[in-house]
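> There's a structure below that I have some questions on.
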Amino acid sequence: MAESDKRKASDLFVECLEAEGVEYIFGVPGEENLDFLDSLSRSKKIRLILTRHEQGAGFMAATYGRHTGKAGSAFPPWGRGRPISSRQPPMPRWAACR
């Protein structure tokens, strides 16, 4: 297999997000999501919006989804950031791979 043919799970995840029409993703970079950020950096369709706090990312994604009717997506770092980011009103819909 050629080096250019190798893909990571994060590459497939980004492709799924693109297929769902995700245009923006809000989040806090961390050691545990570097592969995802690397794959996201090659996307021509999704723009990363960095936030200063996990809960801010959740609120931004929820608000974006409510105002546009599109998928509001956020990614928190692993650990204590996950429960913090989920303390906002439910998202209108989550991007999911079909």
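All residue names refer to the structure tokens as shown: chains lettered A, B, ... in order, residues numbered from 1 in each chain, ligands numbered from 1 in order.
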Just list the residues in region 42-74 of chain A DSSP gives alpha helix (DSSP H) on the backbone, as a list in words.
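Answer for region 42-74 of chain A restricted to alpha helix (DSSP H) is Glu54, Gln55, Gly56, Ala57, Gly58, Phe59, Met60, Ala61, Ala62, Thr63, Tyr64, Gly65, Arg66, His67 and Thr68 of chain A.
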> Keeping C-alpha atoms, export the residues of the selection given above as a compact mmCIF listing (two decimals), in the first residue's frame.

# COMPACT_ATOMS: atom_id res chain seq x y z
CA GLU A 54 -15.06 23.79 26.35
CA GLN A 55 -18.42 25.12 27.46
CA GLY A 56 -18.02 28.09 25.13
CA ALA A 57 -17.53 25.67 22.23
CA GLY A 58 -20.75 23.88 23.16
CA PHE A 59 -22.73 27.12 23.39
CA MET A 60 -21.30 28.38 20.10
CA ALA A 61 -22.19 25.14 18.30
CA ALA A 62 -25.71 25.11 19.78
CA THR A 63 -26.30 28.74 18.86
CA TYR A 64 -24.93 28.26 15.35
CA GLY A 65 -27.25 25.31 14.83
CA ARG A 66 -30.30 27.16 16.13
CA HIS A 67 -29.69 30.26 14.02
CA THR A 68 -28.79 28.52 10.77
